[in-house]
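Right, one structure below, let's go through it.
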Amino acid sequence: MTAVAPDHATGSTGRPGLLVPVHVHFDDLDALGMLHNARYPVLVERAWTALWNERGLVFEGDWDAAGDFCNAVKELTVSYEVPVLRPGAYAVHLWIERLGNTGLTYGFRFCSADGATTHARGTRVLVRLDPGTLRPTRWSDAFRACAQDLLPQG
(Lines give C-alpha, C1' and ligand atoms only; values in the text may rest on other atoms or scores of the structure.)
Protein backbone atom coordinates (compact mmCIF):
# COMPACT_ATOMS: atom_id res chain seq x y z
CA MET A 1 0.00 0.00 0.00
CA THR A 2 2.70 2.53 0.90
CA ALA A 3 5.76 3.27 -1.17
CA VAL A 4 8.97 5.15 -0.57
CA ALA A 5 8.55 8.58 -2.06
CA PRO A 6 10.58 9.07 -5.26
CA ASP A 7 13.35 11.66 -5.23
CA HIS A 8 11.20 14.31 -6.92
CA ALA A 9 8.56 13.79 -4.21
CA THR A 10 10.72 15.10 -1.38
CA GLY A 11 10.01 18.71 -2.34
CA SER A 12 11.42 21.15 0.18
CA THR A 13 11.26 18.58 2.98
CA GLY A 14 14.54 16.90 2.11
CA ARG A 15 13.03 13.65 3.45
CA PRO A 16 11.85 10.74 1.33
CA GLY A 17 8.91 9.81 3.59
CA LEU A 18 6.18 7.56 2.25
CA LEU A 19 3.52 7.93 -0.41
CA VAL A 20 0.12 6.58 0.60
CA PRO A 21 -2.52 6.23 -2.13
CA VAL A 22 -5.82 8.09 -1.65
CA HIS A 23 -8.85 8.48 -3.90
CA VAL A 24 -10.75 11.69 -4.61
CA HIS A 25 -14.43 11.09 -5.34
CA PHE A 26 -16.77 13.29 -7.37
CA ASP A 27 -18.62 14.37 -4.21
CA ASP A 28 -15.32 15.64 -2.71
CA LEU A 29 -15.35 18.47 -5.27
CA ASP A 30 -16.90 21.86 -4.51
CA ALA A 31 -19.31 23.92 -6.65
CA LEU A 32 -16.37 25.13 -8.77
CA GLY A 33 -15.26 21.57 -9.54
CA MET A 34 -12.18 21.72 -7.27
CA LEU A 35 -11.37 19.48 -4.32
CA HIS A 36 -13.03 21.27 -1.38
CA ASN A 37 -10.46 22.82 0.96
CA ALA A 38 -11.86 20.92 3.96
CA ARG A 39 -11.37 17.56 2.21
CA TYR A 40 -7.55 17.81 2.13
CA PRO A 41 -7.13 17.29 5.91
CA VAL A 42 -9.69 14.44 5.83
CA LEU A 43 -7.78 12.65 3.07
CA VAL A 44 -4.48 13.22 4.88
CA GLU A 45 -5.99 11.77 8.07
CA ARG A 46 -7.19 8.72 6.13
CA ALA A 47 -3.68 8.26 4.70
CA TRP A 48 -2.13 8.36 8.20
CA THR A 49 -4.73 5.93 9.51
CA ALA A 50 -4.02 3.52 6.64
CA LEU A 51 -0.27 3.77 7.26
CA TRP A 52 -0.57 3.10 11.03
CA ASN A 53 -3.07 0.26 10.43
CA GLU A 54 -0.64 -1.30 7.97
CA ARG A 55 1.96 -1.20 10.76
CA GLY A 56 -0.36 -2.87 13.28
CA LEU A 57 -1.56 0.22 15.15
CA VAL A 58 -5.35 0.10 15.01
CA PHE A 59 -8.15 1.99 16.78
CA GLU A 60 -11.13 -0.28 17.42
CA GLY A 61 -13.47 2.11 19.26
CA ASP A 62 -12.24 1.72 22.85
CA TRP A 63 -10.43 4.87 24.04
CA ASP A 64 -9.02 3.12 27.11
CA ALA A 65 -7.38 0.58 24.80
CA ALA A 66 -6.61 3.09 22.04
CA GLY A 67 -3.06 3.73 23.17
CA ASP A 68 -1.32 6.12 20.79
CA PHE A 69 -4.54 6.69 18.85
CA CYS A 70 -5.80 8.67 21.85
CA ASN A 71 -4.44 12.01 20.68
CA ALA A 72 -5.71 15.47 19.82
CA VAL A 73 -4.79 17.98 17.15
CA LYS A 74 -3.10 21.06 18.57
CA GLU A 75 -2.35 22.82 15.28
CA LEU A 76 -2.98 22.35 11.57
CA THR A 77 -1.54 24.36 8.69
CA VAL A 78 -2.35 23.83 5.03
CA SER A 79 -1.05 25.70 2.01
CA TYR A 80 -3.04 25.10 -1.19
CA GLU A 81 -0.83 25.23 -4.26
CA VAL A 82 -2.35 23.57 -7.34
CA PRO A 83 -6.08 22.77 -7.36
CA VAL A 84 -7.30 19.20 -7.74
CA LEU A 85 -9.78 19.42 -10.61
CA ARG A 86 -10.98 15.85 -11.06
CA PRO A 87 -11.75 12.70 -9.15
CA GLY A 88 -9.27 9.86 -9.27
CA ALA A 89 -6.10 8.43 -7.79
CA TYR A 90 -3.79 10.70 -5.80
CA ALA A 91 -1.30 10.22 -2.97
CA VAL A 92 -0.34 11.77 0.32
CA HIS A 93 3.38 12.06 1.01
CA LEU A 94 3.89 11.66 4.78
CA TRP A 95 6.81 12.20 7.12
CA ILE A 96 7.41 13.11 10.77
CA GLU A 97 9.27 16.34 11.42
CA ARG A 98 9.53 15.96 15.19
CA LEU A 99 8.62 13.29 17.74
CA GLY A 100 8.79 14.61 21.30
CA ASN A 101 7.75 13.05 24.59
CA THR A 102 4.03 13.83 24.25
CA GLY A 103 3.85 15.79 20.99
CA LEU A 104 4.44 15.01 17.37
CA THR A 105 4.68 17.23 14.30
CA TYR A 106 4.16 15.64 10.94
CA GLY A 107 4.46 17.04 7.47
CA PHE A 108 2.40 16.13 4.45
CA ARG A 109 2.00 16.84 0.76
CA PHE A 110 -1.21 16.06 -1.07
CA CYS A 111 0.10 15.14 -4.50
CA SER A 112 -0.39 13.32 -7.75
CA ALA A 113 -0.28 9.53 -7.49
CA ASP A 114 3.37 9.51 -8.57
CA GLY A 115 4.35 12.31 -6.19
CA ALA A 116 5.45 14.65 -8.99
CA THR A 117 2.81 17.40 -8.57
CA THR A 118 2.12 19.01 -5.20
CA HIS A 119 -1.46 20.17 -4.74
CA ALA A 120 -1.20 21.16 -1.07
CA ARG A 121 1.28 20.86 1.77
CA GLY A 122 1.20 21.39 5.48
CA THR A 123 1.94 20.30 9.00
CA ARG A 124 -0.10 18.99 11.88
CA VAL A 125 0.80 18.90 15.56
CA LEU A 126 -0.68 16.09 17.69
CA VAL A 127 -0.58 15.60 21.45
CA ARG A 128 -0.83 12.07 22.87
CA LEU A 129 -3.46 11.97 25.63
CA ASP A 130 -4.18 9.75 28.61
CA PRO A 131 -7.75 8.50 28.00
CA GLY A 132 -8.74 8.85 31.66
CA THR A 133 -7.45 12.36 32.36
CA LEU A 134 -7.15 13.77 28.82
CA ARG A 135 -3.77 15.15 29.89
CA PRO A 136 -0.65 14.78 27.74
CA THR A 137 1.14 11.46 28.11
CA ARG A 138 4.19 9.83 26.55
CA TRP A 139 4.09 8.08 23.15
CA SER A 140 4.62 4.35 23.54
CA ASP A 141 7.86 2.60 22.63
CA ALA A 142 5.91 0.55 20.05
CA PHE A 143 4.72 3.74 18.36
CA ARG A 144 8.23 5.21 18.39
CA ALA A 145 9.55 2.05 16.75
CA CYS A 146 6.85 2.21 14.05
CA ALA A 147 7.67 5.85 13.35
CA GLN A 148 11.46 5.63 13.02
CA ASP A 149 11.62 5.47 9.22
CA LEU A 150 9.43 8.58 8.98
CA LEU A 151 11.75 10.73 11.13
CA PRO A 152 14.61 12.88 9.82
CA GLN A 153 17.74 10.83 9.31
CA GLY A 154 21.04 11.98 10.69
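Residue numbering restarts at 1 for every chain of the C-alpha coordinates, chains are lettered A, B, ... in their displayed order, and ligands are numbered from 1 as they appear.
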Quiz item: Neighbours of Pro136 (chain A) within 12 Å (only C-alpha atoms; same-chain residues fewer than 6 positions away dropped), as a PyMOL selection string?
Solution: chain A and resi 68+70-74+100-104+126-130
If you run DSSP on this backbone, which residues of region 88-145 of chain A come out as strand (DSSP E or B), and could you give them as a short mmCIF file (atom, residue, chain, number, x, y, z; two decimals) with all heavy atoms, in the first residue's frame?
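The file below, part.cif, is the result:
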```
data_model
loop_
_atom_site.label_atom_id
_atom_site.label_comp_id
_atom_site.auth_asym_id
_atom_site.auth_seq_id
_atom_site.Cartn_x
_atom_site.Cartn_y
_atom_site.Cartn_z
N GLY A 88 -10.23 10.86 -8.83
CA GLY A 88 -9.27 9.86 -9.27
C GLY A 88 -8.23 9.55 -8.22
O GLY A 88 -8.37 9.90 -7.04
N ALA A 89 -7.18 8.88 -8.67
CA ALA A 89 -6.10 8.43 -7.79
C ALA A 89 -5.11 9.55 -7.53
O ALA A 89 -4.64 10.22 -8.46
CB ALA A 89 -5.39 7.24 -8.42
N TYR A 90 -4.78 9.74 -6.26
CA TYR A 90 -3.79 10.70 -5.80
C TYR A 90 -2.96 10.02 -4.72
O TYR A 90 -3.13 8.83 -4.46
CB TYR A 90 -4.47 11.98 -5.27
CG TYR A 90 -5.17 12.75 -6.37
CD1 TYR A 90 -6.49 12.46 -6.70
CD2 TYR A 90 -4.51 13.73 -7.08
CE1 TYR A 90 -7.13 13.15 -7.73
CE2 TYR A 90 -5.15 14.43 -8.11
CZ TYR A 90 -6.46 14.12 -8.42
OH TYR A 90 -7.08 14.80 -9.44
N ALA A 91 -2.09 10.77 -4.08
CA ALA A 91 -1.30 10.22 -2.97
C ALA A 91 -1.09 11.30 -1.93
O ALA A 91 -1.21 12.50 -2.22
CB ALA A 91 0.04 9.69 -3.48
N VAL A 92 -0.77 10.86 -0.74
CA VAL A 92 -0.34 11.77 0.32
C VAL A 92 1.07 11.34 0.71
O VAL A 92 1.30 10.18 1.04
CB VAL A 92 -1.29 11.74 1.53
CG1 VAL A 92 -0.78 12.67 2.62
CG2 VAL A 92 -2.71 12.12 1.13
N HIS A 93 1.99 12.27 0.62
CA HIS A 93 3.38 12.06 1.01
C HIS A 93 3.47 12.43 2.49
O HIS A 93 3.15 13.55 2.87
CB HIS A 93 4.26 12.96 0.13
CG HIS A 93 5.70 12.98 0.50
ND1 HIS A 93 6.52 13.99 0.11
CD2 HIS A 93 6.47 12.13 1.20
CE1 HIS A 93 7.74 13.77 0.56
NE2 HIS A 93 7.73 12.65 1.21
N LEU A 94 3.88 11.49 3.33
CA LEU A 94 3.89 11.66 4.78
C LEU A 94 5.29 11.53 5.36
O LEU A 94 6.07 10.69 4.91
CB LEU A 94 3.00 10.58 5.43
CG LEU A 94 1.55 10.52 4.97
CD1 LEU A 94 0.88 9.27 5.51
CD2 LEU A 94 0.81 11.76 5.40
N TRP A 95 5.57 12.32 6.37
CA TRP A 95 6.81 12.20 7.12
C TRP A 95 6.59 12.82 8.49
O TRP A 95 5.62 13.54 8.72
CB TRP A 95 7.99 12.86 6.41
CG TRP A 95 7.85 14.35 6.28
CD1 TRP A 95 8.32 15.30 7.15
CD2 TRP A 95 7.19 15.06 5.23
NE1 TRP A 95 7.98 16.57 6.71
CE2 TRP A 95 7.29 16.44 5.52
CE3 TRP A 95 6.53 14.69 4.07
CZ2 TRP A 95 6.75 17.43 4.71
CZ3 TRP A 95 5.99 15.67 3.25
CH2 TRP A 95 6.11 17.02 3.57
N ILE A 96 7.46 12.52 9.44
CA ILE A 96 7.41 13.11 10.77
C ILE A 96 8.56 14.09 10.89
O ILE A 96 9.72 13.74 10.66
CB ILE A 96 7.47 12.04 11.87
CG1 ILE A 96 6.23 11.15 11.79
CG2 ILE A 96 7.60 12.69 13.25
CD1 ILE A 96 6.23 9.98 12.77
N GLU A 97 8.25 15.32 11.23
CA GLU A 97 9.27 16.34 11.42
C GLU A 97 9.90 16.28 12.81
O GLU A 97 11.07 16.51 12.97
CB GLU A 97 8.69 17.73 11.17
CG GLU A 97 8.30 17.91 9.71
CD GLU A 97 7.88 19.33 9.38
OE1 GLU A 97 7.87 20.21 10.27
OE2 GLU A 97 7.56 19.55 8.21
N ARG A 98 9.05 15.98 13.81
CA ARG A 98 9.53 15.96 15.19
C ARG A 98 8.67 15.01 16.00
O ARG A 98 7.45 15.04 15.91
CB ARG A 98 9.44 17.36 15.79
CG ARG A 98 9.92 17.46 17.20
CD ARG A 98 9.69 18.86 17.78
NE ARG A 98 9.94 18.86 19.20
CZ ARG A 98 9.08 18.45 20.12
NH1 ARG A 98 7.91 18.02 19.77
NH2 ARG A 98 9.40 18.46 21.39
N LEU A 99 9.31 14.18 16.81
CA LEU A 99 8.62 13.29 17.74
C LEU A 99 9.17 13.56 19.13
O LEU A 99 10.29 13.18 19.44
CB LEU A 99 8.82 11.82 17.34
CG LEU A 99 8.18 10.77 18.24
CD1 LEU A 99 6.68 10.99 18.37
CD2 LEU A 99 8.47 9.37 17.71
N GLY A 103 4.29 15.14 22.22
CA GLY A 103 3.85 15.79 20.99
C GLY A 103 4.53 15.23 19.77
O GLY A 103 5.57 14.56 19.85
N LEU A 104 3.92 15.50 18.65
CA LEU A 104 4.44 15.01 17.37
C LEU A 104 4.03 16.00 16.29
O LEU A 104 2.88 16.47 16.26
CB LEU A 104 3.83 13.63 17.11
CG LEU A 104 3.47 13.13 15.72
CD1 LEU A 104 4.68 12.98 14.85
CD2 LEU A 104 2.78 11.78 15.84
N THR A 105 4.98 16.38 15.45
CA THR A 105 4.68 17.23 14.30
C THR A 105 4.95 16.44 13.05
O THR A 105 6.04 15.90 12.88
CB THR A 105 5.57 18.50 14.29
OG1 THR A 105 5.36 19.21 15.51
CG2 THR A 105 5.23 19.39 13.10
N TYR A 106 3.94 16.32 12.20
CA TYR A 106 4.16 15.64 10.94
C TYR A 106 3.94 16.59 9.79
O TYR A 106 3.22 17.57 9.88
CB TYR A 106 3.34 14.36 10.80
CG TYR A 106 1.84 14.49 10.62
CD1 TYR A 106 1.29 14.97 9.42
CD2 TYR A 106 0.97 14.08 11.60
CE1 TYR A 106 -0.07 15.04 9.24
CE2 TYR A 106 -0.39 14.14 11.43
CZ TYR A 106 -0.92 14.63 10.23
OH TYR A 106 -2.26 14.70 10.06
N GLY A 107 4.63 16.28 8.70
CA GLY A 107 4.46 17.04 7.47
C GLY A 107 3.74 16.18 6.45
O GLY A 107 3.76 14.95 6.53
N PHE A 108 3.09 16.86 5.51
CA PHE A 108 2.40 16.13 4.45
C PHE A 108 2.36 16.97 3.18
O PHE A 108 2.46 18.19 3.21
CB PHE A 108 0.97 15.76 4.87
CG PHE A 108 0.05 16.94 5.08
CD1 PHE A 108 -0.67 17.48 4.01
CD2 PHE A 108 -0.09 17.49 6.33
CE1 PHE A 108 -1.51 18.57 4.21
CE2 PHE A 108 -0.93 18.57 6.53
CZ PHE A 108 -1.65 19.10 5.47
N ARG A 109 2.28 16.24 2.06
CA ARG A 109 2.00 16.84 0.76
C ARG A 109 0.86 16.04 0.14
O ARG A 109 0.93 14.82 0.07
CB ARG A 109 3.19 16.73 -0.19
CG ARG A 109 4.33 17.63 0.10
CD ARG A 109 5.44 17.57 -0.96
NE ARG A 109 5.64 16.23 -1.51
CZ ARG A 109 5.38 15.88 -2.77
NH1 ARG A 109 4.90 16.73 -3.65
NH2 ARG A 109 5.60 14.65 -3.18
N PHE A 110 -0.18 16.71 -0.28
CA PHE A 110 -1.21 16.06 -1.07
C PHE A 110 -0.74 16.20 -2.51
O PHE A 110 -0.49 17.31 -2.97
CB PHE A 110 -2.57 16.75 -0.88
CG PHE A 110 -3.69 15.98 -1.49
CD1 PHE A 110 -4.42 15.09 -0.74
CD2 PHE A 110 -4.00 16.12 -2.83
CE1 PHE A 110 -5.45 14.35 -1.30
CE2 PHE A 110 -5.02 15.39 -3.41
CZ PHE A 110 -5.75 14.50 -2.64
N CYS A 111 -0.57 15.08 -3.20
CA CYS A 111 0.10 15.14 -4.50
C CYS A 111 -0.51 14.17 -5.51
O CYS A 111 -1.39 13.39 -5.19
CB CYS A 111 1.59 14.87 -4.32
SG CYS A 111 2.00 13.36 -3.43
N SER A 112 -0.01 14.27 -6.71
CA SER A 112 -0.39 13.32 -7.75
C SER A 112 0.03 11.93 -7.30
O SER A 112 0.88 11.77 -6.41
CB SER A 112 0.29 13.68 -9.08
OG SER A 112 1.69 13.76 -8.91
N THR A 118 2.63 18.69 -6.53
CA THR A 118 2.12 19.01 -5.20
C THR A 118 0.89 19.87 -5.33
O THR A 118 0.93 20.95 -5.93
CB THR A 118 3.19 19.75 -4.37
OG1 THR A 118 4.33 18.90 -4.24
CG2 THR A 118 2.67 20.14 -3.00
N HIS A 119 -0.22 19.41 -4.74
CA HIS A 119 -1.46 20.17 -4.74
C HIS A 119 -1.61 20.99 -3.46
O HIS A 119 -2.16 22.10 -3.49
CB HIS A 119 -2.66 19.24 -4.92
CG HIS A 119 -2.66 18.56 -6.25
ND1 HIS A 119 -3.08 19.20 -7.39
CD2 HIS A 119 -2.28 17.32 -6.63
CE1 HIS A 119 -2.97 18.37 -8.42
NE2 HIS A 119 -2.47 17.23 -7.98
N ALA A 120 -1.14 20.45 -2.35
CA ALA A 120 -1.20 21.16 -1.07
C ALA A 120 -0.12 20.56 -0.16
O ALA A 120 0.31 19.42 -0.37
CB ALA A 120 -2.57 21.01 -0.42
N ARG A 121 0.29 21.34 0.80
CA ARG A 121 1.28 20.86 1.77
C ARG A 121 0.96 21.47 3.12
O ARG A 121 0.29 22.50 3.20
CB ARG A 121 2.70 21.16 1.35
CG ARG A 121 3.08 22.62 1.36
CD ARG A 121 4.55 22.89 1.01
NE ARG A 121 4.83 22.60 -0.38
CZ ARG A 121 5.76 21.74 -0.80
NH1 ARG A 121 6.52 21.12 0.05
NH2 ARG A 121 5.94 21.52 -2.08
N GLY A 122 1.45 20.83 4.17
CA GLY A 122 1.20 21.39 5.48
C GLY A 122 1.84 20.59 6.59
O GLY A 122 2.62 19.67 6.35
N THR A 123 1.48 20.98 7.80
CA THR A 123 1.94 20.30 9.00
C THR A 123 0.76 20.15 9.96
O THR A 123 -0.23 20.87 9.88
CB THR A 123 3.06 21.07 9.73
OG1 THR A 123 2.57 22.35 10.11
CG2 THR A 123 4.30 21.20 8.87
N ARG A 124 0.91 19.21 10.86
CA ARG A 124 -0.10 18.99 11.88
C ARG A 124 0.62 18.60 13.16
O ARG A 124 1.53 17.77 13.12
CB ARG A 124 -1.05 17.88 11.44
CG ARG A 124 -2.24 17.69 12.32
CD ARG A 124 -3.18 16.72 11.64
NE ARG A 124 -4.39 16.55 12.41
CZ ARG A 124 -5.31 15.65 12.12
NH1 ARG A 124 -5.15 14.84 11.09
NH2 ARG A 124 -6.39 15.54 12.84
N VAL A 125 0.22 19.20 14.26
CA VAL A 125 0.80 18.90 15.56
C VAL A 125 -0.24 18.11 16.36
O VAL A 125 -1.39 18.54 16.48
CB VAL A 125 1.19 20.18 16.33
CG1 VAL A 125 1.76 19.84 17.71
CG2 VAL A 125 2.18 21.01 15.52
N LEU A 126 0.17 16.94 16.86
CA LEU A 126 -0.68 16.09 17.69
C LEU A 126 -0.11 16.01 19.09
O LEU A 126 1.11 16.07 19.27
CB LEU A 126 -0.74 14.66 17.13
CG LEU A 126 -1.31 14.46 15.73
CD1 LEU A 126 -1.19 12.99 15.33
CD2 LEU A 126 -2.74 14.91 15.67
N VAL A 127 -0.99 15.84 20.07
CA VAL A 127 -0.58 15.60 21.45
C VAL A 127 -1.20 14.28 21.89
O VAL A 127 -2.41 14.08 21.77
CB VAL A 127 -1.04 16.74 22.38
CG1 VAL A 127 -0.65 16.44 23.83
CG2 VAL A 127 -0.46 18.06 21.93
N ARG A 128 -0.37 13.36 22.37
CA ARG A 128 -0.83 12.07 22.87
C ARG A 128 -1.49 12.30 24.22
O ARG A 128 -0.96 13.01 25.07
CB ARG A 128 0.39 11.14 23.00
CG ARG A 128 0.18 9.89 23.81
CD ARG A 128 -0.49 8.80 23.01
NE ARG A 128 -0.27 7.51 23.61
CZ ARG A 128 -0.97 7.00 24.63
NH1 ARG A 128 -1.94 7.69 25.17
NH2 ARG A 128 -0.68 5.80 25.09
N LEU A 129 -2.69 11.74 24.42
CA LEU A 129 -3.46 11.97 25.63
C LEU A 129 -3.70 10.69 26.42
O LEU A 129 -3.86 9.62 25.85
CB LEU A 129 -4.84 12.57 25.29
CG LEU A 129 -4.82 13.90 24.57
CD1 LEU A 129 -6.24 14.30 24.19
CD2 LEU A 129 -4.15 14.98 25.41
N PRO A 136 -1.72 15.33 28.58
CA PRO A 136 -0.65 14.78 27.74
C PRO A 136 0.07 13.62 28.43
O PRO A 136 0.28 13.63 29.64
CB PRO A 136 0.30 15.97 27.56
CG PRO A 136 -0.57 17.17 27.74
CD PRO A 136 -1.59 16.77 28.79
#
```
Self-check item: All residues 9 Å or closer to region 28-43 of chain A, only C-alpha atoms, same chain fewer than 4 positions away omitted, as a PyMOL selection string
Solution: chain A and resi 22-24+47-48+76+78+80+83-87+92+110+120
Write to file, as an mmCIF file, in the first residue's frame, the residues of the selection just made, with N, CA, C and O atoms.
```cif
data_model
loop_
_atom_site.group_PDB
_atom_site.id
_atom_site.type_symbol
_atom_site.label_atom_id
_atom_site.label_comp_id
_atom_site.auth_asym_id
_atom_site.auth_seq_id
_atom_site.Cartn_x
_atom_site.Cartn_y
_atom_site.Cartn_z
ATOM 1 N N VAL A 22 -4.489 7.657 -2.066
ATOM 2 C CA VAL A 22 -5.822 8.093 -1.653
ATOM 3 C C VAL A 22 -6.654 8.272 -2.915
ATOM 4 O O VAL A 22 -6.117 8.374 -4.024
ATOM 5 N N HIS A 23 -7.965 8.322 -2.749
ATOM 6 C CA HIS A 23 -8.846 8.485 -3.899
ATOM 7 C C HIS A 23 -9.778 9.668 -3.669
ATOM 8 O O HIS A 23 -10.413 9.765 -2.620
ATOM 9 N N VAL A 24 -9.829 10.562 -4.629
ATOM 10 C CA VAL A 24 -10.755 11.687 -4.605
ATOM 11 C C VAL A 24 -12.004 11.271 -5.373
ATOM 12 O O VAL A 24 -11.911 10.810 -6.513
ATOM 13 N N ALA A 47 -4.980 8.821 5.104
ATOM 14 C CA ALA A 47 -3.685 8.258 4.702
ATOM 15 C C ALA A 47 -2.884 7.848 5.935
ATOM 16 O O ALA A 47 -2.295 6.757 5.967
ATOM 17 N N TRP A 48 -2.849 8.717 6.967
ATOM 18 C CA TRP A 48 -2.132 8.363 8.198
ATOM 19 C C TRP A 48 -2.738 7.130 8.841
ATOM 20 O O TRP A 48 -2.026 6.229 9.294
ATOM 21 N N LEU A 76 -2.948 22.841 12.942
ATOM 22 C CA LEU A 76 -2.977 22.353 11.567
ATOM 23 C C LEU A 76 -2.730 23.523 10.629
ATOM 24 O O LEU A 76 -3.372 24.559 10.756
ATOM 25 N N VAL A 78 -2.242 24.348 6.395
ATOM 26 C CA VAL A 78 -2.347 23.831 5.030
ATOM 27 C C VAL A 78 -2.116 24.990 4.070
ATOM 28 O O VAL A 78 -2.711 26.058 4.219
ATOM 29 N N TYR A 80 -2.476 25.653 0.044
ATOM 30 C CA TYR A 80 -3.040 25.096 -1.189
ATOM 31 C C TYR A 80 -2.268 25.667 -2.360
ATOM 32 O O TYR A 80 -2.160 26.871 -2.504
ATOM 33 N N PRO A 83 -4.790 23.410 -7.635
ATOM 34 C CA PRO A 83 -6.078 22.774 -7.360
ATOM 35 C C PRO A 83 -6.194 21.368 -7.958
ATOM 36 O O PRO A 83 -5.640 21.079 -9.012
ATOM 37 N N VAL A 84 -6.919 20.520 -7.239
ATOM 38 C CA VAL A 84 -7.304 19.203 -7.741
ATOM 39 C C VAL A 84 -8.612 19.423 -8.489
ATOM 40 O O VAL A 84 -9.586 19.883 -7.902
ATOM 41 N N LEU A 85 -8.635 19.097 -9.769
ATOM 42 C CA LEU A 85 -9.779 19.421 -10.613
ATOM 43 C C LEU A 85 -10.596 18.228 -11.075
ATOM 44 O O LEU A 85 -11.551 18.392 -11.827
ATOM 45 N N ARG A 86 -10.213 17.028 -10.625
ATOM 46 C CA ARG A 86 -10.980 15.851 -11.064
ATOM 47 C C ARG A 86 -10.833 14.724 -10.048
ATOM 48 O O ARG A 86 -9.833 14.642 -9.344
ATOM 49 N N PRO A 87 -11.844 13.884 -10.005
ATOM 50 C CA PRO A 87 -11.754 12.703 -9.154
ATOM 51 C C PRO A 87 -10.669 11.765 -9.680
ATOM 52 O O PRO A 87 -10.257 11.868 -10.837
ATOM 53 N N VAL A 92 -0.769 10.863 -0.736
ATOM 54 C CA VAL A 92 -0.337 11.766 0.319
ATOM 55 C C VAL A 92 1.068 11.338 0.713
ATOM 56 O O VAL A 92 1.301 10.176 1.044
ATOM 57 N N PHE A 110 -0.178 16.708 -0.279
ATOM 58 C CA PHE A 110 -1.212 16.064 -1.073
ATOM 59 C C PHE A 110 -0.741 16.203 -2.509
ATOM 60 O O PHE A 110 -0.487 17.313 -2.973
ATOM 61 N N ALA A 120 -1.145 20.453 -2.351
ATOM 62 C CA ALA A 120 -1.195 21.158 -1.067
ATOM 63 C C ALA A 120 -0.123 20.561 -0.163
ATOM 64 O O ALA A 120 0.311 19.422 -0.365
#
```
Exercise. Between CA of Asp114 (chain A) and CA of His25 (chain A), measure the distance and give it in Å to one decimal.
Key: 18.2 Å
Quiz item: For Phe69 (chain A), which residue out of A:Gly132, A:Phe143, A:Leu18, A:Gln153 is the nearest one, using only C-alpha atoms?
Solution: A:Phe143
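The residue set within 9 Å of Thr49 (chain A), counting only C-alpha atoms and dropping same-chain residues fewer than 6 places from it, reads Leu57, Val58 and Phe59 of chain A.
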Practice problem: Write out as a ChimeraX atom specification all residues of chain A that backbone DSSP assigns to alpha helix (DSSP H). | Solution: /A:39-54,141-147
